[in-house]
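Here's my_file-v3.tsv, which has TSV, C-alpha atoms:
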chain	number	residue	atom	x	y	z
A	1004	MET	CA	57.98	35.34	47.07
A	1005	THR	CA	59.90	34.74	50.31
A	1006	LEU	CA	56.61	33.76	51.92
A	1007	TRP	CA	56.26	31.04	49.28
A	1008	ILE	CA	59.74	29.76	50.16
A	1009	ALA	CA	58.78	29.62	53.87
A	1010	VAL	CA	55.55	27.76	52.97
A	1011	ALA	CA	57.44	25.24	50.80
A	1012	ALA	CA	60.28	24.75	53.31
A	1013	THR	CA	57.80	24.16	56.15
A	1014	GLY	CA	55.78	21.71	54.05
A	1015	ILE	CA	58.80	19.73	52.89
A	1016	GLY	CA	60.43	19.73	56.33
A	1017	CYS	CA	57.24	18.49	58.00
A	1018	TYR	CA	56.88	15.73	55.40
A	1019	LEU	CA	60.48	14.54	55.77
A	1020	LEU	CA	60.03	14.25	59.55
A	1021	LYS	CA	56.88	12.15	59.10
A	1022	LEU	CA	58.67	9.91	56.61
A	1023	GLY	CA	61.76	9.71	58.84
A	1024	GLY	CA	59.71	8.17	61.65
A	1025	LEU	CA	58.19	5.53	59.40
A	1026	ILE	CA	61.55	4.42	57.96
A	1027	ALA	CA	63.77	4.83	61.07
A	1028	PRO	CA	65.14	1.76	62.86
A	1029	GLN	CA	62.80	0.82	65.71
A	1030	ARG	CA	65.58	0.62	68.33
A	1031	VAL	CA	65.77	4.46	68.57
A	1032	LEU	CA	62.92	4.33	71.09
A	1033	ASP	CA	64.68	1.81	73.34
A	1034	ASP	CA	66.16	4.47	75.65
A	1035	PRO	CA	63.33	5.76	77.90
A	1036	ARG	CA	65.07	9.13	78.26
A	1037	THR	CA	64.98	9.68	74.48
A	1038	ARG	CA	61.30	8.77	74.52
A	1039	ARG	CA	60.58	11.19	77.37
A	1040	PHE	CA	62.51	14.02	75.74
A	1041	ALA	CA	60.60	13.50	72.51
A	1042	GLU	CA	57.30	13.69	74.41
A	1043	LEU	CA	58.26	16.91	76.19
A	1044	VAL	CA	59.61	18.91	73.24
A	1045	PRO	CA	56.13	19.62	71.81
A	1046	VAL	CA	54.94	20.71	75.27
A	1047	ALA	CA	57.80	23.22	75.51
A	1048	LEU	CA	57.34	24.55	71.96
A	1049	LEU	CA	53.56	24.88	72.16
A	1050	THR	CA	53.64	26.64	75.52
A	1051	ALA	CA	56.31	29.05	74.28
A	1052	LEU	CA	54.13	29.84	71.26
A	1053	ILE	CA	51.08	30.50	73.41
A	1054	ALA	CA	53.09	32.76	75.73
A	1055	VAL	CA	54.60	34.76	72.86
A	1056	GLN	CA	51.30	35.11	70.98
A	1057	ALA	CA	49.49	36.14	74.16
A	1058	PHE	CA	52.02	38.60	75.56
A	1059	ALA	CA	54.18	39.86	72.70
A	1060	ASP	CA	53.83	41.99	69.57
A	1061	GLY	CA	57.02	41.55	67.57
A	1062	ARG	CA	59.81	42.19	70.09
A	1063	THR	CA	57.63	44.22	72.47
A	1064	LEU	CA	55.98	42.62	75.50
A	1065	GLU	CA	52.37	43.78	75.95
A	1066	ALA	CA	49.16	42.75	77.71
A	1067	ASP	CA	46.08	43.21	75.49
A	1068	PRO	CA	43.12	42.84	77.90
A	1069	ALA	CA	40.65	41.54	75.30
A	1070	ARG	CA	43.11	38.94	73.98
A	1071	LEU	CA	44.00	37.73	77.48
A	1072	ALA	CA	40.32	37.55	78.43
A	1073	GLY	CA	39.68	35.46	75.31
A	1074	LEU	CA	42.44	33.05	76.32
A	1075	GLY	CA	41.06	32.95	79.87
A	1076	ALA	CA	37.67	32.00	78.40
A	1077	ALA	CA	39.42	29.24	76.40
A	1078	VAL	CA	40.89	27.86	79.65
A	1079	ALA	CA	37.44	27.90	81.24
A	1080	ALA	CA	35.98	26.07	78.22
A	1081	LEU	CA	38.76	23.47	78.38
A	1082	LEU	CA	38.13	22.93	82.11
A	1083	LEU	CA	34.47	22.31	81.20
A	1084	ARG	CA	35.70	19.75	78.61
A	1085	ALA	CA	34.29	21.69	75.66
A	1086	PRO	CA	35.16	20.32	72.20
A	1087	PHE	CA	37.99	21.90	70.15
A	1088	LEU	CA	35.85	24.14	67.96
A	1089	ALA	CA	33.74	25.33	70.90
A	1090	VAL	CA	36.94	26.38	72.71
A	1091	LEU	CA	38.01	28.43	69.69
A	1092	ALA	CA	34.55	30.00	69.28
A	1093	VAL	CA	34.36	30.99	72.96
A	1094	ALA	CA	37.88	32.50	72.89
A	1095	ALA	CA	37.26	34.57	69.75
A	1096	GLY	CA	33.74	35.50	70.93
A	1097	VAL	CA	34.90	36.87	74.29
A	1098	ALA	CA	37.73	38.87	72.72
A	1099	ALA	CA	35.42	40.27	70.03
A	1100	GLY	CA	32.70	41.10	72.56
A	1101	LEU	CA	35.08	43.00	74.82
A	1102	ARG	CA	36.51	44.96	71.89
A	1103	LEU	CA	32.97	45.83	70.77
A	1104	LEU	CA	32.44	47.25	74.27
A	1105	GLY	CA	35.60	49.29	73.85
A	1106	VAL	CA	37.91	47.33	76.16
B	613	MET	CA	41.57	6.48	73.55
B	614	SER	CA	44.23	4.66	75.48
B	615	VAL	CA	43.69	0.98	74.68
B	616	ARG	CA	46.51	-0.17	72.45
B	617	ASN	CA	46.91	-3.62	71.00
B	618	GLU	CA	48.13	-3.21	67.46
B	619	GLU	CA	50.06	-6.49	67.56
B	620	GLY	CA	46.98	-8.72	67.70
B	621	ALA	CA	45.84	-10.03	64.31
B	622	GLU	CA	42.52	-11.62	65.35
B	623	ALA	CA	40.29	-8.57	64.89
B	624	PRO	CA	36.64	-9.44	64.31
B	625	PRO	CA	35.01	-7.52	61.43
B	626	GLY	CA	32.90	-5.49	63.87
B	627	ASP	CA	36.05	-3.83	65.16
B	628	VAL	CA	36.88	-2.62	61.69
B	629	ARG	CA	33.44	-1.03	61.37
B	630	ALA	CA	33.87	0.67	64.77
B	631	ALA	CA	37.30	1.90	63.72
B	632	VAL	CA	35.88	3.41	60.53
B	633	ARG	CA	33.19	5.15	62.59
B	634	ASP	CA	35.84	6.54	64.98
B	635	GLY	CA	37.95	7.69	62.08
B	636	LEU	CA	35.09	9.51	60.34
B	637	GLY	CA	34.07	11.23	63.58
B	638	VAL	CA	37.55	12.47	64.42
B	639	GLY	CA	38.42	13.28	60.82
B	640	ILE	CA	35.39	15.45	60.19
B	641	ALA	CA	35.16	17.10	63.64
B	642	VAL	CA	38.84	18.02	63.76
B	643	GLY	CA	39.08	18.65	60.03
B	644	VAL	CA	36.59	21.50	60.30
B	645	SER	CA	39.23	23.37	62.33
B	646	GLY	CA	40.84	24.10	58.98
B	647	LEU	CA	38.42	27.07	59.07
B	648	ALA	CA	40.39	28.44	62.00
B	649	PHE	CA	43.70	27.89	60.25
B	650	GLY	CA	42.57	29.41	56.97
B	651	ALA	CA	41.31	32.49	58.80
B	652	ALA	CA	44.38	32.75	61.04
B	653	GLY	CA	46.76	32.25	58.10
B	654	VAL	CA	45.24	34.99	55.97
B	655	THR	CA	44.96	37.27	59.01
B	656	ALA	CA	48.68	36.68	59.61
B	657	GLY	CA	49.56	37.80	56.10
B	658	LEU	CA	49.51	34.65	53.96
B	659	SER	CA	47.63	34.84	50.67
B	660	VAL	CA	44.68	32.47	50.13
B	661	PRO	CA	46.75	30.17	47.83
B	662	GLN	CA	49.63	30.17	50.33
B	663	ALA	CA	47.33	29.15	53.20
B	664	CYS	CA	45.86	26.37	51.02
B	665	VAL	CA	49.24	25.06	49.83
B	666	LEU	CA	50.49	24.98	53.41
B	667	SER	CA	47.50	22.84	54.43
B	668	LEU	CA	48.05	20.55	51.43
B	669	VAL	CA	51.80	19.99	51.84
B	670	ALA	CA	52.49	20.49	55.57
B	671	PHE	CA	49.19	18.96	56.81
B	672	THR	CA	50.02	19.21	60.50
B	673	GLY	CA	48.00	21.84	62.34
B	674	ALA	CA	50.39	22.97	65.08
B	675	SER	CA	53.23	23.65	62.63
B	676	GLN	CA	50.91	25.56	60.32
B	677	PHE	CA	49.60	27.75	63.14
B	678	ALA	CA	53.20	28.26	64.28
B	679	LEU	CA	54.35	29.56	60.91
B	680	ALA	CA	51.28	31.81	60.70
B	681	GLY	CA	52.04	33.11	64.19
B	682	VAL	CA	55.60	34.07	63.30
B	683	ILE	CA	54.46	35.75	60.10
B	684	ALA	CA	51.78	37.66	62.04
B	685	GLY	CA	54.43	38.85	64.50
B	686	GLY	CA	56.64	40.06	61.67
B	687	GLY	CA	59.22	37.45	62.57
B	688	GLY	CA	62.12	36.02	60.60
B	689	LEU	CA	60.88	33.48	58.06
B	690	VAL	CA	63.91	31.19	58.42
B	691	ALA	CA	63.46	30.93	62.19
B	692	GLY	CA	59.71	30.67	61.69
B	693	SER	CA	59.98	27.78	59.24
B	694	LEU	CA	62.56	26.02	61.43
B	695	GLY	CA	60.35	26.38	64.48
B	696	ALA	CA	57.33	25.07	62.57
B	697	VAL	CA	59.28	22.06	61.31
B	698	LEU	CA	60.69	21.39	64.79
B	699	LEU	CA	57.11	21.34	66.09
B	700	GLY	CA	56.36	18.61	63.54
B	701	GLY	CA	59.05	16.48	65.16
B	702	ARG	CA	56.45	14.59	67.16
B	703	ASN	CA	55.09	13.16	63.90
B	704	ALA	CA	58.43	11.37	63.46
B	705	LEU	CA	57.83	9.73	66.84
B	706	TYR	CA	54.32	8.74	65.81
B	707	GLY	CA	55.76	7.17	62.66
B	708	LEU	CA	58.26	5.23	64.72
B	709	ARG	CA	55.40	3.99	66.88
B	710	LEU	CA	53.10	3.08	63.94
B	711	ALA	CA	55.63	1.61	61.48
B	712	ARG	CA	55.10	-2.00	62.57
B	713	THR	CA	51.29	-1.68	62.69
B	714	LEU	CA	50.92	-0.11	59.27
B	715	ASP	CA	53.68	-2.20	57.67
B	716	VAL	CA	53.67	-0.33	54.34
B	717	ARG	CA	56.39	-0.45	51.68
B	718	GLY	CA	57.35	1.41	48.51
B	719	TRP	CA	55.15	4.21	47.15
B	720	ARG	CA	52.42	3.37	49.66
B	721	ARG	CA	54.85	4.25	52.43
B	722	LEU	CA	55.61	7.60	50.79
B	723	LEU	CA	51.88	8.43	50.72
B	724	THR	CA	51.15	7.07	54.18
B	725	ALA	CA	53.95	9.16	55.74
B	726	HIS	CA	52.10	12.35	54.83
B	727	VAL	CA	49.16	11.50	57.09
B	728	VAL	CA	51.08	10.35	60.20
B	729	ILE	CA	49.83	13.07	62.60
B	730	ASP	CA	48.17	13.50	66.04
B	731	GLU	CA	44.66	12.46	65.06
B	732	THR	CA	45.45	9.45	62.87
B	733	THR	CA	47.81	8.14	65.56
B	734	ALA	CA	45.21	8.65	68.27
B	735	VAL	CA	42.54	6.70	66.37
B	736	ALA	CA	44.93	3.93	65.23
B	737	THR	CA	46.32	3.27	68.70
B	738	ALA	CA	42.84	3.21	70.22
B	739	GLN	CA	41.79	0.13	68.19
B	740	ASP	CA	42.08	-3.55	69.05
B	741	GLY	CA	43.86	-5.53	66.38
B	742	ARG	CA	45.94	-4.59	63.41
B	743	ASP	CA	43.11	-4.60	60.82
B	744	ALA	CA	41.03	-2.22	62.91
B	745	ALA	CA	44.07	-0.02	63.62
B	746	ARG	CA	44.77	0.27	59.89
B	747	ALA	CA	41.12	0.91	59.04
B	748	GLY	CA	40.94	3.61	61.71
B	749	PHE	CA	44.20	5.18	60.59
B	750	TYR	CA	43.27	5.46	56.93
B	751	THR	CA	39.65	6.50	57.52
B	752	THR	CA	40.83	9.31	59.79
B	753	ALA	CA	43.55	10.24	57.31
B	754	ILE	CA	41.28	10.54	54.28
B	755	SER	CA	38.35	12.29	55.98
B	756	LEU	CA	40.66	14.65	57.86
B	757	TYR	CA	42.71	15.51	54.77
B	758	LEU	CA	39.61	16.34	52.74
B	759	ALA	CA	37.90	18.30	55.52
B	760	TRP	CA	41.06	20.16	56.61
B	761	ASN	CA	41.91	21.35	53.12
B	762	LEU	CA	38.37	22.25	52.11
B	763	THR	CA	37.77	24.27	55.29
B	764	THR	CA	41.20	25.92	55.02
B	765	LEU	CA	40.04	27.34	51.69
B	766	LEU	CA	36.70	28.46	53.15
B	767	GLY	CA	38.35	30.03	56.22
B	768	ALA	CA	40.93	31.80	54.11
B	769	LEU	CA	38.32	33.18	51.71
B	770	GLY	CA	36.11	34.21	54.64
B	771	ALA	CA	38.88	36.00	56.50
B	772	ALA	CA	39.88	37.90	53.37
B	773	ARG	CA	36.38	39.46	53.33
B	774	LEU	CA	36.01	40.12	57.03
B	775	GLY	CA	37.83	43.44	57.32
B	776	ASP	CA	39.53	44.03	60.67
B	777	PRO	CA	40.34	40.55	62.00
B	778	GLU	CA	41.00	41.70	65.58
B	779	ALA	CA	37.50	43.14	65.87
B	780	ILE	CA	36.01	39.64	65.70
B	781	GLY	CA	38.74	38.08	67.85
B	782	LEU	CA	40.60	36.18	65.13
B	783	ASP	CA	43.97	37.01	66.71
B	784	VAL	CA	42.99	34.81	69.67
B	785	LEU	CA	42.34	31.74	67.48
B	786	GLY	CA	46.03	30.77	67.13
B	787	PRO	CA	46.95	30.72	70.82
B	788	ALA	CA	43.56	29.23	71.76
B	789	ALA	CA	44.09	26.39	69.25
B	790	PHE	CA	47.54	25.68	70.69
B	791	LEU	CA	46.14	25.72	74.19
B	792	ALA	CA	43.45	23.21	73.22
B	793	LEU	CA	46.02	20.96	71.50
B	794	LEU	CA	48.33	21.18	74.52
B	795	TRP	CA	45.66	20.77	77.20
B	796	PRO	CA	45.66	16.94	77.47
B	797	ARG	CA	49.46	17.03	77.90
B	798	LEU	CA	49.35	19.71	80.61
B	799	THR	CA	46.89	17.68	82.63
B	800	ALA	CA	49.02	14.53	82.20
B	801	GLY	CA	51.60	15.26	84.90
B	802	TRP	CA	53.67	17.76	86.88
B	803	THR	CA	56.74	17.32	84.69
B	804	GLU	CA	54.72	18.63	81.74
B	805	VAL	CA	53.55	21.64	83.76
B	806	ARG	CA	57.13	22.40	84.89
B	807	VAL	CA	58.46	22.13	81.33
B	808	ALA	CA	55.60	24.32	80.07
B	809	LEU	CA	56.20	27.05	82.67
B	810	ALA	CA	59.96	27.03	82.04
B	811	ALA	CA	59.38	27.26	78.28
B	812	ALA	CA	56.96	30.19	78.65
B	813	VAL	CA	59.37	32.10	80.92
B	814	LEU	CA	62.32	31.42	78.59
B	815	ALA	CA	60.42	32.53	75.49
B	816	LEU	CA	59.09	35.73	77.07
B	817	ALA	CA	62.46	36.63	78.58
B	818	ALA	CA	64.13	36.18	75.19
B	819	THR	CA	61.45	38.07	73.21
B	820	PRO	CA	62.89	41.62	73.58
B	821	LEU	CA	66.42	40.32	72.90
B	822	LEU	CA	66.08	38.04	69.87
B	823	PRO	CA	64.31	38.18	66.47
B	824	PRO	CA	60.70	36.86	66.51
B	825	GLY	CA	60.53	33.07	66.06
B	826	VAL	CA	63.88	32.41	67.75
B	827	PRO	CA	62.59	32.62	71.36
B	828	VAL	CA	60.09	29.82	70.65
B	829	MET	CA	62.81	27.54	69.26
B	830	LEU	CA	65.05	28.40	72.22
B	831	ALA	CA	62.28	27.23	74.55
B	832	ALA	CA	62.90	23.62	73.43
B	833	VAL	CA	65.76	23.78	75.96
B	834	ALA	CA	63.11	23.48	78.67
B	835	ALA	CA	62.71	19.78	77.73
B	836	VAL	CA	66.42	19.01	78.18
B	837	PRO	CA	66.26	18.07	81.90
B	838	ALA	CA	64.26	15.00	80.78
B	839	LEU	CA	67.45	13.78	79.06
B	840	LEU	CA	69.61	14.23	82.14
B	841	ARG	CA	67.35	12.59	84.68
B	842	ARG	CA	66.13	9.02	84.79
B	843	PRO	CA	62.32	9.18	84.48
B	844	ALA	CA	60.14	7.73	87.22
B	845	PRO	CA	58.98	4.23	86.23
Serialized structure, structure tokens:
Amino acid sequence: MTLWIAVAATGIGCYLLKLGGLIAPQRVLDDPRTRRFAELVPVALLTALIAVQAFADGRTLEADPARLAGLGAAVAALLLRAPFLAVLAVAAGVAAGLRLLGV
Amino acid sequence: MSVRNEEGAEAPPGDVRAAVRDGLGVGIAVGVSGLAFGAAGVTAGLSVPQACVLSLVAFTGASQFALAGVIAGGGGLVAGSLGAVLLGGRNALYGLRLARTLDVRGWRRLLTAHVVIDETTAVATAQDGRDAARAGFYTTAISLYLAWNLTTLLGALGAARLGDPEAIGLDVLGPAAFLALLWPRLTAGWTEVRVALAAAVLALAATPLLPPGVPVMLAAVAAVPALLRRPAP
């Protein structure tokens, strides 16, 4: 039940933000510092998520070799300009392969 | 996709056709990633209907993966939802940017708002002329919405039958998807890299001290120096 509330709250919150942008007065973007801040917030949040998902399990910091190798493979794929789905397939494939080998 | 001229009204019809082609390409190619979300969501602990409803009503990939990530980590749902919504904040900025181009009113504006996301903005701003921008925006929106929701269902159903998700590397899909979404920004400039590193250090340092979900929200602080300093022209 609480999961349903989280799903609904996230959905409604995300929608209200989208609508807010469409109906907000255009002069909000006039200050370049506001614009810059708004560009950088997603960078900070996404990197924090990657770091936590890669190195943490709940409140414990850990380094799972197969998971980190999968992410390393994703970086390599991105450097080679692989498309989105190929990056995901390579990352999951490397992690799965290493676990199959008992890493 | 960096050419932007949404003010011009003299778009030849050919541009509209090109915009529709762009929109279908992006919509279907990216939409298929709903497979990854459906699988990651169910792996995290969402039910199949919950994963599907999230795709239908949130319809913004990063926020959906974020909520799934917090649930997977056993994190607080309030912090998790807040973090996911905060991540969707960039869509408000896209809306601000696209409002004049789309110029929609009334119930059409309520519907259009739902599809103001990364991909539709990217395709719309890449077109020459307002007609082409609108055609690109709505083609991307419709094809992406259909593909994203259909593949979310397939991914969720698939993951539910797969047994141990870690054995086939599904736990890596979330962070890898974020990394791929973030990649163009990280290669855009040193400020981005500095903010990213600071955010990662902050989040990891706070992880043992705070409930799951909170460290990620706290990491938004890493973007604050941009408010204090005048950006380079």
Exercise for the section: Please report as JSON, numbers by chain which residues of chain A come no farther than 7 Å from chain B, using only C-alpha atoms. Expected result: {"A": [1007, 1009, 1010, 1012, 1013, 1014, 1015, 1016, 1017, 1018, 1020, 1021, 1022, 1023, 1024, 1025, 1027, 1029, 1036, 1037, 1039, 1040, 1041, 1043, 1044, 1045, 1046, 1047, 1048, 1049, 1050, 1051, 1052, 1053, 1054, 1055, 1056, 1057, 1060, 1061, 1062, 1063, 1070, 1073, 1074, 1077, 1081, 1087, 1088, 1091, 1094, 1095, 1096, 1098, 1099, 1102]}
Practice task
Mind checking which residues fall within 10 Å of Arg629 of chain B, counting only C-alpha atoms, ignoring those fewer than 6 positions away in the same chain, and posting them as number ranges by chain?
Solution key: B: 635, 744, 747-748
Handout entry: Between atom CA of Ile640 of chain B and atom CA of Gly1100 of chain A - distance in Å to one decimal
Key = 28.6 Å
Using all atoms of segment 722-739 of chain B that appear in the file, construct an axis-aligned enclosing box with 8 Å of padding on every side and provide its centre coordinates and edge lengths in Å, rounded to one decimal, as lines of an AutoDock Vina configuration file.
center_x = 48.7
center_y = 6.8
center_z = 60.5
size_x = 29.8
size_y = 29.4
size_z = 35.5
Practice task
State, in Å with one decimal place, the distance from atom CA of Leu1019 of chain A to atom CA of Leu1006 of chain A.
Solution key: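 It comes out at 20.0 Å.
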